[in-house]
Amino acid sequence: MVADVERIAGVHCATGESPLWHAGQAAWYWVDIPARRIWRRDHASGALLHWTAPEMVACIAASSDGSLIAGMETGVFRLALGADGALDASRLAAPVAAELGEGMRFNDGRCDRQGRFWSGTMFMDMGAARSVGGLYRYSAAGGLHGPVVRNLLTQNGLAWSPDGRTMYLSDSHPQRRLVWAYDYDIDAGLPHNERVFLDLTGQLGRPDGAAVDADGCYWSCANDGGVVQRFTPQGRLDREIALPMAKPSMCAFGGPDLDLLLVTSIDPAGAGNAGGDAGSAVIVRPGVKGIAETPFGV
């Protein structure tokens, strides 16, 4: 599929991740993990702001109190972003040291349809191929729960169906390249009945970050494949959009009509290389609408 692609000027990330449409502010947010940076782009004006966190920020979600909830190096944090560039970070919870040891951090995450925050951990040296990552749930009422899923290499691709009753999770490590689907108990906030939704071994790219549209289809960033792919709830590939960067990392629906898709990417050369499309963030029109993200608030 050919789609209009708008590159966001003035942005370059070493590891761009976790795009988020903040409906209350009519603005986009995303992060650059190794730079410890949070970006914000006003949708109407295109004005950019950024903040620097005290440690790496891997994923963010909007909170009903106006702050952000984030999965970082040492736990789950609440982030208050000031208009003057100041950032206040308060740690809310953390796994025990045996589960989030040296060389690990949180990775991909978002809220479920009920407003609980979910994020997974990973060992940062992917070459070591250590399956020590786990998936966690955080709520104000129940604190940190998990790991609910264990033995992950590079946790990614977390998303929920429109009714919230199916949870998706990927492992984007080159040795895995799998996306699982789970039945999701929306009352208890627990997944069960794990099954392979997509086995992408031998195919182009690795299943990185993802989003679900209003039709219930799963959009997956093919890291190393240079495309974002749409899969039906039955696991059939029915749409593919070519991107200007080889390593798209995560996508999110947004815009006033939820008909835009912001896609972040990775630059293997790091943040020092501002040339080319690697590390850019782009906005595409995918031809379908997404679903508003539920802010954290339980």
# chains A, B, ... in the order shown; residues from 1 in each chain; ligands from 1
call {"tool": "closest_atom_pairs", "arguments": {"of": "stretch 56-100 of chain A", "to": "stretch 150-173 of chain A", "cutoff": "12 Å", "atoms": "only C-alpha atoms", "output": "Markdown table"}}
result
| residue | atom | partner | partner_atom | distance |
| --- | --- | --- | --- | --- |
| A:Ala58 | CA | A:Asn156 | CA | 11.0 |
| A:Cys59 | CA | A:Asn156 | CA | 10.6 |
| A:Glu99 | CA | A:Arg150 | CA | 10.1 |
call {"tool": "residues_around", "arguments": {"residues": "stretch 220-235 of chain A", "least_positions_apart": "2", "cutoff": "8 Å", "atoms": "only C-alpha atoms", "output": "tab-separated table (two decimals) with all heavy atoms, in the first residue's frame"}}
result
chain	number	residue	atom	x	y	z
A	157	GLY	N	5.29	-5.44	21.37
A	157	GLY	CA	4.04	-5.69	20.70
A	157	GLY	C	2.80	-5.76	21.55
A	157	GLY	O	1.80	-6.36	21.15
A	197	PHE	N	-0.16	-16.31	17.73
A	197	PHE	CA	-0.96	-15.55	16.78
A	197	PHE	C	-0.22	-15.39	15.45
A	197	PHE	O	-0.81	-15.59	14.39
A	197	PHE	CB	-1.30	-14.19	17.39
A	197	PHE	CG	-2.01	-13.24	16.47
A	197	PHE	CD1	-3.26	-13.55	15.96
A	197	PHE	CD2	-1.45	-12.01	16.14
A	197	PHE	CE1	-3.93	-12.66	15.12
A	197	PHE	CE2	-2.11	-11.12	15.31
A	197	PHE	CZ	-3.35	-11.45	14.80
A	198	LEU	N	1.08	-15.06	15.53
A	198	LEU	CA	1.90	-14.91	14.34
A	198	LEU	C	3.27	-15.55	14.59
A	198	LEU	O	3.90	-15.25	15.61
A	198	LEU	CB	2.11	-13.44	13.99
A	198	LEU	CG	0.89	-12.58	13.71
A	198	LEU	CD1	1.29	-11.11	13.60
A	198	LEU	CD2	0.18	-13.04	12.43
A	204	LEU	N	10.23	-11.16	6.56
A	204	LEU	CA	10.92	-9.88	6.61
A	204	LEU	C	10.68	-9.18	7.94
A	204	LEU	O	9.55	-9.03	8.37
A	204	LEU	CB	10.41	-8.99	5.47
A	204	LEU	CG	11.12	-7.66	5.24
A	204	LEU	CD1	12.53	-7.90	4.73
A	204	LEU	CD2	10.33	-6.82	4.23
A	205	GLY	N	11.76	-8.78	8.59
A	205	GLY	CA	11.64	-8.00	9.81
A	205	GLY	C	11.29	-8.83	11.04
A	205	GLY	O	11.07	-10.04	10.98
A	206	ARG	N	11.25	-8.13	12.17
A	206	ARG	CA	10.91	-8.74	13.46
A	206	ARG	C	9.73	-7.98	14.06
A	206	ARG	O	9.67	-6.77	13.94
A	206	ARG	CB	12.12	-8.67	14.41
A	206	ARG	CG	13.33	-9.42	13.89
A	206	ARG	CD	14.53	-9.27	14.82
A	206	ARG	NE	15.15	-7.94	14.75
A	206	ARG	CZ	15.15	-7.04	15.73
A	206	ARG	NH1	14.53	-7.29	16.87
A	206	ARG	NH2	15.74	-5.87	15.58
A	207	PRO	N	8.80	-8.65	14.73
A	207	PRO	CA	7.58	-7.99	15.23
A	207	PRO	C	7.88	-7.12	16.46
A	207	PRO	O	7.92	-7.61	17.58
A	207	PRO	CB	6.65	-9.15	15.56
A	207	PRO	CG	7.59	-10.28	15.92
A	207	PRO	CD	8.79	-10.10	15.03
A	208	ASP	N	8.04	-5.83	16.23
A	208	ASP	CA	8.37	-4.89	17.31
A	208	ASP	C	7.07	-4.32	17.89
A	208	ASP	O	6.09	-5.04	18.06
A	208	ASP	CB	9.30	-3.81	16.76
A	208	ASP	CG	10.24	-3.24	17.82
A	208	ASP	OD1	9.78	-2.99	18.95
A	208	ASP	OD2	11.43	-3.01	17.51
A	209	GLY	N	7.03	-3.01	18.16
A	209	GLY	CA	5.86	-2.41	18.77
A	209	GLY	C	4.64	-2.48	17.86
A	209	GLY	O	4.76	-2.63	16.64
A	210	ALA	N	3.45	-2.32	18.46
A	210	ALA	CA	2.23	-2.57	17.71
A	210	ALA	C	1.08	-1.71	18.22
A	210	ALA	O	1.18	-1.06	19.26
A	210	ALA	CB	1.86	-4.05	17.81
A	211	ALA	N	-0.02	-1.75	17.48
A	211	ALA	CA	-1.26	-1.07	17.84
A	211	ALA	C	-2.41	-1.82	17.20
A	211	ALA	O	-2.22	-2.55	16.21
A	211	ALA	CB	-1.25	0.39	17.39
A	216	GLY	N	-10.20	-4.03	14.82
A	216	GLY	CA	-9.63	-5.15	15.57
A	216	GLY	C	-8.40	-5.74	14.93
A	216	GLY	O	-7.93	-6.81	15.36
A	217	CYS	N	-7.85	-5.08	13.91
A	217	CYS	CA	-6.65	-5.59	13.25
A	217	CYS	C	-5.39	-5.11	13.98
A	217	CYS	O	-5.36	-4.02	14.54
A	217	CYS	CB	-6.61	-5.17	11.80
A	217	CYS	SG	-7.92	-5.92	10.81
A	218	TYR	N	-4.38	-5.93	13.93
A	218	TYR	CA	-3.12	-5.73	14.67
A	218	TYR	C	-2.07	-5.18	13.71
A	218	TYR	O	-1.71	-5.81	12.72
A	218	TYR	CB	-2.69	-7.08	15.24
A	218	TYR	CG	-1.44	-7.08	16.10
A	218	TYR	CD1	-1.50	-6.75	17.45
A	218	TYR	CD2	-0.21	-7.49	15.58
A	218	TYR	CE1	-0.37	-6.80	18.25
A	218	TYR	CE2	0.93	-7.54	16.37
A	218	TYR	CZ	0.84	-7.19	17.70
A	218	TYR	OH	1.96	-7.24	18.50
A	237	LEU	N	-2.18	-11.46	6.92
A	237	LEU	CA	-1.61	-10.19	6.50
A	237	LEU	C	-2.48	-9.62	5.38
A	237	LEU	O	-2.66	-10.25	4.34
A	237	LEU	CB	-0.18	-10.38	5.99
A	237	LEU	CG	0.51	-9.14	5.41
A	237	LEU	CD1	0.69	-8.06	6.46
A	237	LEU	CD2	1.86	-9.52	4.79
A	238	ASP	N	-3.05	-8.41	5.60
A	238	ASP	CA	-3.90	-7.84	4.55
A	238	ASP	C	-3.50	-6.44	4.14
A	238	ASP	O	-4.13	-5.87	3.24
A	238	ASP	CB	-5.38	-7.87	4.99
A	238	ASP	CG	-5.74	-6.75	5.95
A	238	ASP	OD1	-4.84	-6.18	6.60
A	238	ASP	OD2	-6.94	-6.44	6.07
A	239	ARG	N	-2.46	-5.87	4.77
A	239	ARG	CA	-2.03	-4.54	4.37
A	239	ARG	C	-0.58	-4.34	4.83
A	239	ARG	O	-0.19	-4.82	5.90
A	239	ARG	CB	-2.93	-3.47	4.98
A	239	ARG	CG	-2.73	-2.08	4.39
A	239	ARG	CD	-3.81	-1.12	4.89
A	239	ARG	NE	-5.17	-1.61	4.61
A	239	ARG	CZ	-6.26	-0.91	4.88
A	239	ARG	NH1	-6.18	0.28	5.43
A	239	ARG	NH2	-7.45	-1.42	4.60
A	240	GLU	N	0.18	-3.61	4.03
A	240	GLU	CA	1.58	-3.33	4.36
A	240	GLU	C	1.93	-1.94	3.84
A	240	GLU	O	1.65	-1.63	2.67
A	240	GLU	CB	2.48	-4.39	3.74
A	240	GLU	CG	3.94	-4.29	4.08
A	240	GLU	CD	4.72	-5.49	3.55
A	240	GLU	OE1	4.79	-6.51	4.26
A	240	GLU	OE2	5.23	-5.41	2.42
A	241	ILE	N	2.51	-1.13	4.69
A	241	ILE	CA	2.89	0.23	4.31
A	241	ILE	C	4.41	0.36	4.38
A	241	ILE	O	5.01	0.09	5.42
A	241	ILE	CB	2.24	1.28	5.24
A	241	ILE	CG1	0.71	1.22	5.10
A	241	ILE	CG2	2.74	2.68	4.91
A	241	ILE	CD1	-0.02	2.14	6.07
A	242	ALA	N	5.01	0.74	3.26
A	242	ALA	CA	6.45	0.94	3.21
A	242	ALA	C	6.81	2.23	3.94
A	242	ALA	O	6.11	3.24	3.83
A	242	ALA	CB	6.93	0.98	1.77
A	243	LEU	N	7.91	2.19	4.67
A	243	LEU	CA	8.38	3.33	5.45
A	243	LEU	C	9.77	3.74	4.98
A	243	LEU	O	10.51	2.92	4.41
A	243	LEU	CB	8.42	2.97	6.93
A	243	LEU	CG	7.07	2.57	7.56
A	243	LEU	CD1	7.28	1.96	8.93
A	243	LEU	CD2	6.14	3.77	7.64
A	244	PRO	N	10.17	4.99	5.24
A	244	PRO	CA	11.49	5.42	4.79
A	244	PRO	C	12.63	4.94	5.68
A	244	PRO	O	13.79	5.15	5.34
A	244	PRO	CB	11.38	6.95	4.82
A	244	PRO	CG	10.36	7.23	5.87
A	244	PRO	CD	9.37	6.11	5.76
A	245	MET	N	12.33	4.32	6.81
A	245	MET	CA	13.37	3.83	7.71
A	245	MET	C	13.32	2.31	7.82
A	245	MET	O	12.24	1.72	7.76
A	245	MET	CB	13.26	4.48	9.09
A	245	MET	CG	11.94	4.31	9.78
A	245	MET	SD	10.70	5.50	9.30
A	245	MET	CE	9.74	5.60	10.81
A	246	ALA	N	14.49	1.70	7.94
A	246	ALA	CA	14.57	0.24	7.94
A	246	ALA	C	14.12	-0.37	9.25
A	246	ALA	O	13.69	-1.53	9.27
A	246	ALA	CB	16.01	-0.19	7.64
A	247	LYS	N	14.22	0.39	10.36
A	247	LYS	CA	13.97	-0.20	11.67
A	247	LYS	C	12.84	0.54	12.40
A	247	LYS	O	13.07	1.19	13.42
A	247	LYS	CB	15.25	-0.18	12.51
A	247	LYS	CG	16.38	-1.03	11.93
A	247	LYS	CD	17.65	-0.96	12.76
A	247	LYS	CE	17.56	-1.73	14.05
A	247	LYS	NZ	17.43	-3.20	13.83
A	248	PRO	N	11.60	0.45	11.88
A	248	PRO	CA	10.49	1.01	12.64
A	248	PRO	C	10.34	0.25	13.96
A	248	PRO	O	10.52	-0.97	14.01
A	248	PRO	CB	9.29	0.78	11.73
A	248	PRO	CG	9.66	-0.39	10.88
A	248	PRO	CD	11.14	-0.27	10.67
A	249	SER	N	10.00	0.99	15.02
A	249	SER	CA	10.03	0.38	16.35
A	249	SER	C	8.67	0.26	17.02
A	249	SER	O	8.41	-0.69	17.75
A	249	SER	CB	10.98	1.15	17.25
A	249	SER	OG	10.65	2.53	17.26
A	250	MET	N	7.78	1.24	16.83
A	250	MET	CA	6.45	1.17	17.42
A	250	MET	C	5.54	2.16	16.70
A	250	MET	O	6.01	3.15	16.14
A	250	MET	CB	6.47	1.47	18.91
A	250	MET	CG	5.16	1.18	19.64
A	250	MET	SD	5.28	1.37	21.42
A	250	MET	CE	3.56	1.12	21.89
A	251	CYS	N	4.25	1.87	16.73
A	251	CYS	CA	3.27	2.74	16.08
A	251	CYS	C	2.11	3.00	17.04
A	251	CYS	O	1.86	2.22	17.96
A	251	CYS	CB	2.76	2.10	14.79
A	251	CYS	SG	2.06	0.45	14.97
call {"tool": "closest_atom_pairs", "arguments": {"of": "stretch 46-97 of chain A", "to": "stretch 15-35 of chain A", "cutoff": "10 Å", "atoms": "only C-alpha atoms", "output": "tab-separated table"}}
result
residue	atom	partner	partner_atom	distance
A:Gly46	CA	A:Ala27	CA	8.9
A:Ala47	CA	A:Ala27	CA	9.5
A:Leu48	CA	A:Trp28	CA	9.6
A:Leu49	CA	A:Tyr29	CA	9.5
A:His50	CA	A:Val31	CA	9.1
A:Trp51	CA	A:Val31	CA	9.5
A:Thr52	CA	A:Ala35	CA	7.7
A:Ala53	CA	A:Ala35	CA	8.7
A:Glu55	CA	A:Pro34	CA	8.6
A:Met56	CA	A:Ile33	CA	5.3
A:Val57	CA	A:Ile33	CA	5.3
A:Ala58	CA	A:Ile33	CA	5.4
A:Cys59	CA	A:Ser18	CA	5.1
A:Ile60	CA	A:Ser18	CA	6.3
A:Ala61	CA	A:Leu20	CA	6.9
A:Ala62	CA	A:His22	CA	6.8
A:Ser63	CA	A:His22	CA	9.7
A:Ser64	CA	A:Gly24	CA	9.7
A:Gly66	CA	A:Gly24	CA	8.9
A:Ala70	CA	A:Ser18	CA	9.9
A:Met72	CA	A:Ile33	CA	8.9
A:Glu73	CA	A:Ile33	CA	9.9
call {"tool": "write_last_selection", "arguments": {"atoms": "N, CA and C atoms", "output": "CSV table (one decimal), in the first residue's frame"}}
result
chain,number,residue,atom,x,y,z
A,46,GLY,N,2.7,21.9,15.4
A,46,GLY,CA,3.9,21.2,15.1
A,46,GLY,C,5.1,21.6,16.0
A,47,ALA,N,4.8,22.4,17.1
A,47,ALA,CA,5.8,22.8,18.0
A,47,ALA,C,6.3,21.6,18.8
A,48,LEU,N,7.7,21.6,19.0
A,48,LEU,CA,8.3,20.5,19.7
A,48,LEU,C,8.8,20.9,21.0
A,49,LEU,N,8.7,20.0,22.0
A,49,LEU,CA,9.3,20.2,23.3
A,49,LEU,C,9.9,18.9,23.7
A,50,HIS,N,10.9,18.9,24.6
A,50,HIS,CA,11.5,17.6,25.1
A,50,HIS,C,11.9,17.8,26.5
A,51,TRP,N,12.0,16.7,27.2
A,51,TRP,CA,12.4,16.6,28.6
A,51,TRP,C,13.5,15.5,28.7
A,52,THR,N,14.3,15.6,29.7
A,52,THR,CA,15.3,14.6,30.0
A,52,THR,C,15.1,14.0,31.4
A,53,ALA,N,14.9,12.7,31.4
A,53,ALA,CA,14.6,11.9,32.6
A,53,ALA,C,15.9,11.5,33.3
A,55,GLU,N,16.8,8.6,34.3
A,55,GLU,CA,17.2,7.3,33.8
A,55,GLU,C,16.5,7.0,32.5
A,56,MET,N,16.8,5.9,31.8
A,56,MET,CA,16.2,5.6,30.5
A,56,MET,C,14.7,5.4,30.7
A,57,VAL,N,13.9,6.0,29.8
A,57,VAL,CA,12.5,5.8,29.7
A,57,VAL,C,12.2,5.0,28.5
A,58,ALA,N,11.5,3.8,28.7
A,58,ALA,CA,11.3,2.9,27.6
A,58,ALA,C,9.9,3.0,27.1
A,59,CYS,N,8.9,3.3,28.0
A,59,CYS,CA,7.5,3.4,27.5
A,59,CYS,C,6.7,4.3,28.4
A,60,ILE,N,5.7,4.9,27.8
A,60,ILE,CA,4.9,5.9,28.6
A,60,ILE,C,3.4,5.7,28.3
A,61,ALA,N,2.6,6.1,29.2
A,61,ALA,CA,1.1,6.2,29.0
A,61,ALA,C,0.6,7.4,29.7
A,62,ALA,N,-0.4,8.0,29.2
A,62,ALA,CA,-1.1,9.1,29.8
A,62,ALA,C,-1.8,8.7,31.1
A,63,SER,N,-1.8,9.6,32.1
A,63,SER,CA,-2.5,9.3,33.3
A,63,SER,C,-3.6,10.3,33.5
A,64,SER,N,-4.7,9.9,34.1
A,64,SER,CA,-5.9,10.7,34.3
A,64,SER,C,-5.6,12.0,35.1
A,66,GLY,N,-3.0,14.0,34.6
A,66,GLY,CA,-2.2,14.9,33.8
A,66,GLY,C,-0.8,14.6,33.7
A,70,ALA,N,5.4,5.7,33.4
A,70,ALA,CA,6.5,5.2,32.5
A,70,ALA,C,7.1,4.0,33.1
A,72,MET,N,10.7,2.3,33.3
A,72,MET,CA,12.1,2.9,33.1
A,72,MET,C,13.1,1.8,33.5
A,73,GLU,N,14.3,2.2,33.8
A,73,GLU,CA,15.3,1.2,34.2
A,73,GLU,C,15.1,0.5,35.5
call {"tool": "atom_distance", "arguments": {"atom1": "atom CA of A:Ala188", "atom2": "atom CA of A:Val212"}}
result
21.5 Å
call {"tool": "residues_around", "arguments": {"residues": "A:Gly146", "least_positions_apart": "4", "cutoff": "12 Å", "atoms": "only C-alpha atoms", "output": "list in words"}}
result
Ala93, Ala94, Pro95, Val96, Glu99, Leu100, Trp118, Ser119, Gly120, Thr121, Gly133, Gly134, Leu135, Tyr136, Arg137, Tyr138, Ser139, Gly142, Arg150, Gly189, Leu190 and Pro191 of chain A
call {"tool": "closest_residue", "arguments": {"among": "A:Gln203, A:Ser67, A:Ser45, A:Gln175", "to": "A:Ser90", "atoms": "only C-alpha atoms"}}
result
A:Ser67
call {"tool": "select_by_dssp", "arguments": {"residues": "stretch 76-177 of chain A", "states": "strand (DSSP E or B)", "output": "number ranges by chain"}}
result
A: 76-81, 87-93, 104-111, 117-123, 133-139, 143-152, 154-160, 166-171
call {"tool": "atom_distance", "arguments": {"atom1": "atom CA of A:Phe106", "atom2": "atom CA of A:Asp277"}}
result
26.0 Å
call {"tool": "closest_residue", "arguments": {"among": "A:Arg195, A:Val76, A:Leu68, A:Gly103", "to": "A:Asp183", "atoms": "only C-alpha atoms"}}
result
A:Arg195
call {"tool": "residues_around", "arguments": {"residues": "A:Cys111", "least_positions_apart": "3", "cutoff": "7 Å", "atoms": "only C-alpha atoms", "output": "MDAnalysis selection string"}}
result
chainID A and resid 61 115:118 294:296
call {"tool": "write_last_selection", "arguments": {"atoms": "N, CA, C and O atoms", "output": "PDB file, in the first residue's frame"}}
result
ATOM      1  N   ALA A  61       2.587   6.125  29.199  1.00  0.00           N
ATOM      2  CA  ALA A  61       1.144   6.154  29.023  1.00  0.00           C
ATOM      3  C   ALA A  61       0.618   7.393  29.717  1.00  0.00           C
ATOM      4  O   ALA A  61       1.177   7.843  30.721  1.00  0.00           O
ATOM      5  N   GLY A 115      -7.486   0.794  31.948  1.00  0.00           N
ATOM      6  CA  GLY A 115      -6.618   1.798  32.528  1.00  0.00           C
ATOM      7  C   GLY A 115      -5.542   1.264  33.442  1.00  0.00           C
ATOM      8  O   GLY A 115      -4.923   2.025  34.189  1.00  0.00           O
ATOM      9  N   ARG A 116      -5.269  -0.049  33.399  1.00  0.00           N
ATOM     10  CA  ARG A 116      -4.136  -0.606  34.130  1.00  0.00           C
ATOM     11  C   ARG A 116      -2.890  -0.498  33.254  1.00  0.00           C
ATOM     12  O   ARG A 116      -2.959  -0.732  32.047  1.00  0.00           O
ATOM     13  N   PHE A 117      -1.746  -0.211  33.854  1.00  0.00           N
ATOM     14  CA  PHE A 117      -0.502  -0.060  33.098  1.00  0.00           C
ATOM     15  C   PHE A 117       0.233  -1.387  33.041  1.00  0.00           C
ATOM     16  O   PHE A 117       0.455  -2.035  34.074  1.00  0.00           O
ATOM     17  N   TRP A 118       0.631  -1.784  31.851  1.00  0.00           N
ATOM     18  CA  TRP A 118       1.379  -3.016  31.622  1.00  0.00           C
ATOM     19  C   TRP A 118       2.707  -2.695  30.949  1.00  0.00           C
ATOM     20  O   TRP A 118       2.777  -1.848  30.061  1.00  0.00           O
ATOM     21  N   THR A 294      -6.952   4.266  26.702  1.00  0.00           N
ATOM     22  CA  THR A 294      -7.479   4.556  28.029  1.00  0.00           C
ATOM     23  C   THR A 294      -6.345   5.063  28.907  1.00  0.00           C
ATOM     24  O   THR A 294      -5.326   4.387  29.044  1.00  0.00           O
ATOM     25  N   PRO A 295      -6.487   6.242  29.526  1.00  0.00           N
ATOM     26  CA  PRO A 295      -5.415   6.715  30.407  1.00  0.00           C
ATOM     27  C   PRO A 295      -5.346   5.898  31.690  1.00  0.00           C
ATOM     28  O   PRO A 295      -6.322   5.287  32.119  1.00  0.00           O
ATOM     29  N   PHE A 296      -4.167   5.887  32.282  1.00  0.00           N
ATOM     30  CA  PHE A 296      -3.986   5.225  33.562  1.00  0.00           C
ATOM     31  C   PHE A 296      -4.850   5.917  34.603  1.00  0.00           C
ATOM     32  O   PHE A 296      -4.889   7.136  34.671  1.00  0.00           O
TER      33      PHE A 296
END
call {"tool": "atom_distance", "arguments": {"atom1": "atom CA of A:Arg40", "atom2": "atom CA of A:Ala83"}}
result
11.1 Å
call {"tool": "decode", "arguments": {"residues": "stretch 43-51 of chain A", "atoms": "all heavy atoms", "output": "PDB file, in the first residue's frame"}}
result
ATOM      1  N   HIS A  43      -0.043  18.914  17.868  1.00  0.00           N
ATOM      2  CA  HIS A  43      -0.548  18.481  16.564  1.00  0.00           C
ATOM      3  C   HIS A  43      -0.869  19.660  15.655  1.00  0.00           C
ATOM      4  O   HIS A  43      -0.562  19.633  14.454  1.00  0.00           O
ATOM      5  CB  HIS A  43      -1.797  17.617  16.754  1.00  0.00           C
ATOM      6  CG  HIS A  43      -2.407  17.155  15.471  1.00  0.00           C
ATOM      7  ND1 HIS A  43      -1.780  16.252  14.651  1.00  0.00           N
ATOM      8  CD2 HIS A  43      -3.571  17.490  14.854  1.00  0.00           C
ATOM      9  CE1 HIS A  43      -2.531  16.032  13.580  1.00  0.00           C
ATOM     10  NE2 HIS A  43      -3.622  16.776  13.682  1.00  0.00           N
ATOM     11  N   ALA A  44      -1.486  20.705  16.190  1.00  0.00           N
ATOM     12  CA  ALA A  44      -1.917  21.817  15.347  1.00  0.00           C
ATOM     13  C   ALA A  44      -0.753  22.662  14.852  1.00  0.00           C
ATOM     14  O   ALA A  44      -0.685  23.011  13.671  1.00  0.00           O
ATOM     15  CB  ALA A  44      -2.917  22.686  16.120  1.00  0.00           C
ATOM     16  N   SER A  45       0.167  22.987  15.747  1.00  0.00           N
ATOM     17  CA  SER A  45       1.256  23.902  15.388  1.00  0.00           C
ATOM     18  C   SER A  45       2.529  23.195  14.953  1.00  0.00           C
ATOM     19  O   SER A  45       3.384  23.797  14.300  1.00  0.00           O
ATOM     20  CB  SER A  45       1.575  24.820  16.571  1.00  0.00           C
ATOM     21  OG  SER A  45       2.173  24.078  17.626  1.00  0.00           O
ATOM     22  N   GLY A  46       2.692  21.947  15.357  1.00  0.00           N
ATOM     23  CA  GLY A  46       3.945  21.231  15.087  1.00  0.00           C
ATOM     24  C   GLY A  46       5.069  21.582  16.038  1.00  0.00           C
ATOM     25  O   GLY A  46       6.194  21.104  15.870  1.00  0.00           O
ATOM     26  N   ALA A  47       4.790  22.399  17.054  1.00  0.00           N
ATOM     27  CA  ALA A  47       5.829  22.817  17.997  1.00  0.00           C
ATOM     28  C   ALA A  47       6.338  21.626  18.799  1.00  0.00           C
ATOM     29  O   ALA A  47       5.561  20.779  19.252  1.00  0.00           O
ATOM     30  CB  ALA A  47       5.282  23.883  18.942  1.00  0.00           C
ATOM     31  N   LEU A  48       7.659  21.575  18.971  1.00  0.00           N
ATOM     32  CA  LEU A  48       8.311  20.478  19.676  1.00  0.00           C
ATOM     33  C   LEU A  48       8.802  20.920  21.042  1.00  0.00           C
ATOM     34  O   LEU A  48       9.317  22.032  21.205  1.00  0.00           O
ATOM     35  CB  LEU A  48       9.499  19.954  18.872  1.00  0.00           C
ATOM     36  CG  LEU A  48       9.205  19.223  17.565  1.00  0.00           C
ATOM     37  CD1 LEU A  48      10.498  19.009  16.788  1.00  0.00           C
ATOM     38  CD2 LEU A  48       8.518  17.885  17.829  1.00  0.00           C
ATOM     39  N   LEU A  49       8.669  20.031  22.020  1.00  0.00           N
ATOM     40  CA  LEU A  49       9.276  20.184  23.337  1.00  0.00           C
ATOM     41  C   LEU A  49       9.934  18.861  23.688  1.00  0.00           C
ATOM     42  O   LEU A  49       9.561  17.805  23.161  1.00  0.00           O
ATOM     43  CB  LEU A  49       8.217  20.518  24.407  1.00  0.00           C
ATOM     44  CG  LEU A  49       7.491  21.858  24.307  1.00  0.00           C
ATOM     45  CD1 LEU A  49       6.364  21.901  25.336  1.00  0.00           C
ATOM     46  CD2 LEU A  49       8.460  23.008  24.529  1.00  0.00           C
ATOM     47  N   HIS A  50      10.904  18.907  24.590  1.00  0.00           N
ATOM     48  CA  HIS A  50      11.454  17.643  25.095  1.00  0.00           C
ATOM     49  C   HIS A  50      11.943  17.815  26.517  1.00  0.00           C
ATOM     50  O   HIS A  50      12.233  18.917  26.978  1.00  0.00           O
ATOM     51  CB  HIS A  50      12.558  17.096  24.189  1.00  0.00           C
ATOM     52  CG  HIS A  50      13.771  17.957  24.066  1.00  0.00           C
ATOM     53  ND1 HIS A  50      14.743  18.030  25.031  1.00  0.00           N
ATOM     54  CD2 HIS A  50      14.173  18.793  23.079  1.00  0.00           C
ATOM     55  CE1 HIS A  50      15.693  18.854  24.644  1.00  0.00           C
ATOM     56  NE2 HIS A  50      15.364  19.340  23.468  1.00  0.00           N
ATOM     57  N   TRP A  51      11.986  16.691  27.222  1.00  0.00           N
ATOM     58  CA  TRP A  51      12.429  16.634  28.611  1.00  0.00           C
ATOM     59  C   TRP A  51      13.450  15.513  28.740  1.00  0.00           C
ATOM     60  O   TRP A  51      13.421  14.538  27.991  1.00  0.00           O
ATOM     61  CB  TRP A  51      11.256  16.326  29.547  1.00  0.00           C
ATOM     62  CG  TRP A  51      10.197  17.368  29.600  1.00  0.00           C
ATOM     63  CD1 TRP A  51      10.037  18.347  30.531  1.00  0.00           C
ATOM     64  CD2 TRP A  51       9.097  17.526  28.680  1.00  0.00           C
ATOM     65  NE1 TRP A  51       8.935  19.107  30.255  1.00  0.00           N
ATOM     66  CE2 TRP A  51       8.335  18.629  29.130  1.00  0.00           C
ATOM     67  CE3 TRP A  51       8.694  16.844  27.524  1.00  0.00           C
ATOM     68  CZ2 TRP A  51       7.193  19.054  28.469  1.00  0.00           C
ATOM     69  CZ3 TRP A  51       7.557  17.277  26.859  1.00  0.00           C
ATOM     70  CH2 TRP A  51       6.824  18.368  27.324  1.00  0.00           C
TER      71      TRP A  51
END
